[in-house]
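Chemist: Sending over a structure as structure tokens; questions will come in a sec.
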Amino acid sequence: MLVLLCVHLLGVVHLGASQSSHPSAYIFPLPNKITFEEGTTTCEGPVKEKIGSARSDIGDEGYILRCHRDYCEITARTQQGLFYGRQTLDQLRNAGTIQCCTIEDAPKMKMRGVMLDLARLKEKHEYYYHIIDQLAKWKINTVFLHLTDHNGCALEFKSFPQLATKYAFTQEEMKKLIRYAADRYVELIPEIESWGHARWITSVPEFSDLAESREKTGSLCTSNPRTWEVLGKIYQEIAQLFPSDYIHAGCDEASFGLCDQCKAKVDKEGPDSLVGEHLKKVCELIKSVGKRPMIWGDVLLSRRGSADQVPKDAVICHWDYKATLSAEPVQFLKSKSFDVVGCPAIVWGSREILPMSDTWDNVANFAQIVLDNNCLGMETTVWVPQRYIADTLYPALAHACEMSWSGNARSRTDFITAFARQFFGLDPAPAVAQALLDVHELSIKGYAKIADIADYARQVFLKGEGDSPPMPEVAEKAKNIVETLRNARRDVRRHQDEYDSLILAADIRAYVEERAAAVYKLVSLLRKARAESERGNMEAAASVLKEAAQLIEGLVPTDRYLASQVADAWNRWRYADDPKKKEGEDNLTAGFARSEDFLRKTIERLKTSTQRFEEGSIPDLDDILN
């Protein structure tokens with residue numbers, strides 16, 4: 001117990017420079033137990049590997065790593081355990097000289113997963129190799145592929161080739177990715193939306209009849225026999241392609257009871273019966289192709305009377321993205337004898353730029369619920385990729401990986417310090433470590449302020465407000481973060497692009513607030529010009545509009561610079577010719593494309609209106625922001 005206590009304290013107390021040779025200051029996920037020995041090592045001597053540990057407590061994925069002065073030894077029961085031991089050894093080698101030690105380690109969760117959203121934005125094939133490789137180093141053993149959603153289908157189906165959208169994986173390409181992941185002990189689980197989020201199929205003319213109604217095309221109709229015929233063929237192909245024991249059928253956020261047949265069923269038997277019947281059919285169909293079904297839990301939990309109809313071998317993926325959340329839904333599902341996977345998120349909903357700070361609490365609190373209730377594991381979800389800069393994910397992802405492996409509760413400062421040392425090769429000063437945490441407080445929820453500044457300006461002009469007012473204190477904080485991170489940039493030895501993405505995120509947020517303040521000032525000047533014109537003072541009105549034009553022109557250099565930086569970040573992992581790069585309701589590159597258009601047109605209209613005032617006529621100032 002004394003040794004365990006000492007190790008725990010090393011994990012939660014900030015480690016100064018004199019202690020930086022301790023292994024716990026460099027490793028994540030933090031191991032369960034570290035005991036120290038005399039002397040130091042660089043872990044560069046011979047490495048002995050041995051299969052066959054008699055230690056049952058380390059399980060099939062655990063390992064024992066002994067780092068002596070002259071050699072290292074990894075012992076495990078399986079090749080997978082040896083693989084995880086090597087990842088820890090590599091981290092210690094990156095640290096340089098460390099204290100000799102023995103690490104005894106095993107995961108707290110059986111399933112340690114991350115979900116990637118391919119349907120909303122299909123990134124370049126190489127991105128998925130890259131991120132799987134990194135997740136495997138952090139001991140993730142499952143990656144869920146969200147292949148279908150309203151936005152499209154990221155995998156070809158030979159039975160229905162018309163469903164695949166641009167850049168979709170062919171089946172041969174997916175086989176290669178599956179093999180690559182398997183070599184790193186990562187299981188790929190496919191998710192096919194099988195009720196809600198269904199426009200990936202209902203928007204294709206040949207399958208429009210599968211929609212629940214003409215008005216609600218986002219859900220499949222459970223009463224339509226063809227729904228089950230099509231899903232059956234898709235599941236059959238998925239089962240043949242993916243060696244995983246599971247198929248995830250989605251089934252979240254569904255609309256139902258709208259068509260005549262479904263409405264009649266709801267009227268006669270109640271909504272719980274219809275929900276239960278649909279989920280049962282999905283599960284039985286997946287089982288018929290030799291796989292174990294997984295489904296999202298929200299519709300079931302909203303209609304709890306349906307739970308008794310759902311097969312008990314179905315795995316329920318319960319999602320809840322709040323910073324604080326209740327264990328009650330998990331406890332209910334467990335009481336019904338379901339295996340449960342807890343599903344937090346690091347990016348979801350309206351979050352823009354990078355993972356939000358509250359998602360760190362969501363992940364940590366969900367991990368505790370998973371461990372307390374003996375759940376199958378945790379699936380950390382990463383939604384709507386177009387809303388964030390791809391390379392900003394890694395601190396939050398690493399935190400989720402640590403929670404999945406060890407459920408460790410070391411302080412955020414100690415975690416981010418270990419992360420910076422390992423991932424960036426940077427031994428951060430306390431201010432830099434804090435900046436790496438604080439940058440996640442700069443994520444933003446407001447759509448118009450960042451995604452459509454023209455709409456934001458119209459809101460301010462017409463209503464006297466935007467979706468959120470300018471926050472100069474946030475702009476100042478963002479600038480301080482930028483300065484702190486830039487000053488440490490010269491010491492970053494690894495993953496410079498990922499480090500720069502965090503600086504870019506802070507730069508963007510500072511500019512977003514300054515641009516919002518400029519919009520408010522612009523609206524004030526337009527109202528002042530109108531008041532001057534109503535008094536017949538055309539010269540004064542023209543002077544006010546000249547001031548407004550200078551204000552907007554002052555934004556252009558920063559706007560263009562950040563737009564180019566955002567485009568470069570997009571092109572690193574995403575397709576340069578993807579229409580979503582400059583289109584779409586809520587993504588960064590599209591937002592900057594709109595911003596440039598707004599600034600250009602506003603400057604032109606201000607100058608035209610100024611000229612009309614100077615000529616003695618009165619322009620329609622409402623048109624400037626239209």
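So you can find residues: chains in the structure tokens are A, B, ... in the order shown, residues in each start at 1, and ligands are numbered from 1 in order.
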Neighbours of Ala431 (chain A) within 10 Å (only C-alpha atoms; same-chain residues fewer than 6 positions away dropped), as a ChimeraX atom specification?

Modeler: /A:437,481,484-485

Chemist: Which of region 229-410 of chain A end up as strand (DSSP E) when DSSP is run on this backbone - answer as a PyMOL selection string?

Modeler: chain A and resi 246-248+292-296+315-319+339-343+345-347+377-382

Chemist: With a cut-off of 9 Å, could you pull out the residues of region 281-343 of chain A touching region 367-387 of chain A and give me the nearest pair of atoms for each, distance in Å to one decimal, using only C-alpha atoms, ordered by chain and ascending number, as JSON lines?

Modeler:
```
{"residue": "A:Val315", "atom": "CA", "partner": "A:Leu376", "partner_atom": "CA", "distance": 8.6}
{"residue": "A:Cys317", "atom": "CA", "partner": "A:Glu379", "partner_atom": "CA", "distance": 8.0}
{"residue": "A:Trp319", "atom": "CA", "partner": "A:Thr381", "partner_atom": "CA", "distance": 8.9}
{"residue": "A:Ser326", "atom": "CA", "partner": "A:Ile369", "partner_atom": "CA", "distance": 8.3}
{"residue": "A:Ala327", "atom": "CA", "partner": "A:Ile369", "partner_atom": "CA", "distance": 6.0}
{"residue": "A:Val330", "atom": "CA", "partner": "A:Asn373", "partner_atom": "CA", "distance": 7.6}
{"residue": "A:Gln331", "atom": "CA", "partner": "A:Asn373", "partner_atom": "CA", "distance": 7.1}
{"residue": "A:Lys334", "atom": "CA", "partner": "A:Asn373", "partner_atom": "CA", "distance": 8.0}
{"residue": "A:Asp339", "atom": "CA", "partner": "A:Leu376", "partner_atom": "CA", "distance": 6.1}
{"residue": "A:Val340", "atom": "CA", "partner": "A:Cys375", "partner_atom": "CA", "distance": 5.2}
{"residue": "A:Val341", "atom": "CA", "partner": "A:Gly377", "partner_atom": "CA", "distance": 5.0}
{"residue": "A:Gly342", "atom": "CA", "partner": "A:Met378", "partner_atom": "CA", "distance": 4.6}
{"residue": "A:Cys343", "atom": "CA", "partner": "A:Glu379", "partner_atom": "CA", "distance": 4.8}
```

Chemist: Any idea what's packed within 7 Å of region 565-577 of chain A, counting only C-alpha atoms, ignoring anything in its chain fewer than 3 positions away? Could you give it as a VMD selection string?

Modeler: chain A and resid 123 to 124 127 389 561 to 562 589

Chemist: Just the residues within 8 Å of Met538 (chain A), please, counting only C-alpha atoms, with nothing from its chain fewer than 3 positions along; format it as an mmCIF file with N, CA and C atoms, in the first residue's frame.

Modeler:
```
data_model
loop_
_atom_site.group_PDB
_atom_site.id
_atom_site.type_symbol
_atom_site.label_atom_id
_atom_site.label_comp_id
_atom_site.auth_asym_id
_atom_site.auth_seq_id
_atom_site.Cartn_x
_atom_site.Cartn_y
_atom_site.Cartn_z
ATOM 1 N N GLU A 532 -27.195 61.639 -39.048
ATOM 2 C CA GLU A 532 -26.659 62.839 -39.682
ATOM 3 C C GLU A 532 -27.408 63.165 -40.971
ATOM 4 N N SER A 533 -27.736 62.145 -41.745
ATOM 5 C CA SER A 533 -28.448 62.392 -43.006
ATOM 6 C C SER A 533 -29.858 62.894 -42.757
ATOM 7 N N ALA A 541 -22.387 62.730 -42.657
ATOM 8 C CA ALA A 541 -22.748 61.332 -42.889
ATOM 9 C C ALA A 541 -21.684 60.638 -43.727
ATOM 10 N N ALA A 542 -21.182 61.334 -44.750
ATOM 11 C CA ALA A 542 -20.125 60.757 -45.586
ATOM 12 C C ALA A 542 -18.865 60.508 -44.767
ATOM 13 N N PHE A 613 -23.638 60.253 -50.598
ATOM 14 C CA PHE A 613 -23.776 61.338 -49.622
ATOM 15 C C PHE A 613 -23.032 62.581 -50.112
ATOM 16 N N GLU A 614 -21.823 62.361 -50.641
ATOM 17 C CA GLU A 614 -21.025 63.493 -51.104
ATOM 18 C C GLU A 614 -21.688 64.190 -52.291
ATOM 19 N N GLY A 616 -24.847 64.520 -52.450
ATOM 20 C CA GLY A 616 -26.048 65.175 -51.932
ATOM 21 C C GLY A 616 -27.287 64.311 -51.902
ATOM 22 N N SER A 617 -27.191 63.044 -52.304
ATOM 23 C CA SER A 617 -28.346 62.134 -52.240
ATOM 24 C C SER A 617 -28.240 61.251 -51.006
ATOM 25 N N ILE A 618 -29.313 60.549 -50.693
ATOM 26 C CA ILE A 618 -29.352 59.725 -49.493
ATOM 27 C C ILE A 618 -29.443 58.255 -49.894
#
```

Chemist: Pick out the residues sitting within 12 Å of Gly446 (chain A), and hand them over as a list in words; count only C-alpha atoms, and ignore anything fewer than 3 positions along from it in its own chain.

Modeler: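 Skipping anything fewer than 3 positions along the chain leaves Gly349, Ser350, Arg351, Glu352, Ile353, Arg387, Leu442, Ser443, Lys449, Ile450, Ala451, Asp452, Ile453, Asp455, Tyr456, Gly466, Asp467, Ser468, Pro469, Pro470, Arg509, Val512, Glu513, Ala516, Glu585, Asp586 and Asn587 of chain A.
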
Chemist: If we count only C-alpha atoms, what is near region 155-158 of chain A at a cut-off of 10 Å, once residues fewer than 2 positions away on the same chain are taken out, given as a PyMOL selection string?

Modeler: chain A and resi 118-119+122+147-148+152-153+160-174+190+233-235+237-238

Chemist: Next, dump the selected residues to file, keeping only C-alpha atoms, as a PDB file, in the first residue's frame.

Modeler:
```pdb
ATOM      1  CA  LEU A 118     -16.445   9.882 -41.435  1.00  0.00           C
ATOM      2  CA  ALA A 119     -19.973  10.583 -42.667  1.00  0.00           C
ATOM      3  CA  LYS A 122     -14.565  12.164 -45.067  1.00  0.00           C
ATOM      4  CA  LEU A 147     -19.820   5.610 -41.720  1.00  0.00           C
ATOM      5  CA  THR A 148     -23.297   6.994 -42.453  1.00  0.00           C
ATOM      6  CA  GLY A 152     -23.426  10.914 -46.687  1.00  0.00           C
ATOM      7  CA  CYS A 153     -22.055   7.390 -46.779  1.00  0.00           C
ATOM      8  CA  PHE A 160     -26.072  -0.405 -53.602  1.00  0.00           C
ATOM      9  CA  PRO A 161     -23.118   1.476 -55.153  1.00  0.00           C
ATOM     10  CA  GLN A 162     -25.223   4.625 -55.567  1.00  0.00           C
ATOM     11  CA  LEU A 163     -25.132   5.199 -51.790  1.00  0.00           C
ATOM     12  CA  ALA A 164     -21.405   5.966 -51.561  1.00  0.00           C
ATOM     13  CA  THR A 165     -20.596   9.661 -51.465  1.00  0.00           C
ATOM     14  CA  LYS A 166     -17.461  11.426 -52.694  1.00  0.00           C
ATOM     15  CA  TYR A 167     -14.149  10.146 -51.263  1.00  0.00           C
ATOM     16  CA  ALA A 168     -15.842   7.081 -49.715  1.00  0.00           C
ATOM     17  CA  PHE A 169     -13.661   4.087 -48.897  1.00  0.00           C
ATOM     18  CA  THR A 170     -13.881   1.260 -51.369  1.00  0.00           C
ATOM     19  CA  GLN A 171     -14.136  -2.129 -49.727  1.00  0.00           C
ATOM     20  CA  GLU A 172     -10.558  -2.958 -50.739  1.00  0.00           C
ATOM     21  CA  GLU A 173      -9.325   0.276 -49.185  1.00  0.00           C
ATOM     22  CA  MET A 174     -11.232  -0.479 -46.007  1.00  0.00           C
ATOM     23  CA  PRO A 190     -18.604  -0.112 -38.284  1.00  0.00           C
ATOM     24  CA  LYS A 233     -28.222  -6.617 -47.542  1.00  0.00           C
ATOM     25  CA  ILE A 234     -26.103  -3.815 -46.084  1.00  0.00           C
ATOM     26  CA  TYR A 235     -25.515  -5.715 -42.823  1.00  0.00           C
ATOM     27  CA  GLU A 237     -21.855  -6.859 -46.702  1.00  0.00           C
ATOM     28  CA  ILE A 238     -20.628  -5.197 -43.511  1.00  0.00           C
TER      29      ILE A 238
END
```

Chemist: Select, from A:Ala457, A:Asp308, A:Arg486, A:Asp491, the residue with the minimum atom-to-atom distance to Thr602 (chain A), counting only C-alpha atoms.

Modeler: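 Result for the nearest residue to Thr602 (chain A): A:Ala457.
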
Chemist: My list of candidates is A:Ser159, A:Ser208, A:Asn537, A:Ser404. Which is closest to Arg226 (chain A) when distances are computed with only C-alpha atoms?

Modeler: A:Ser208
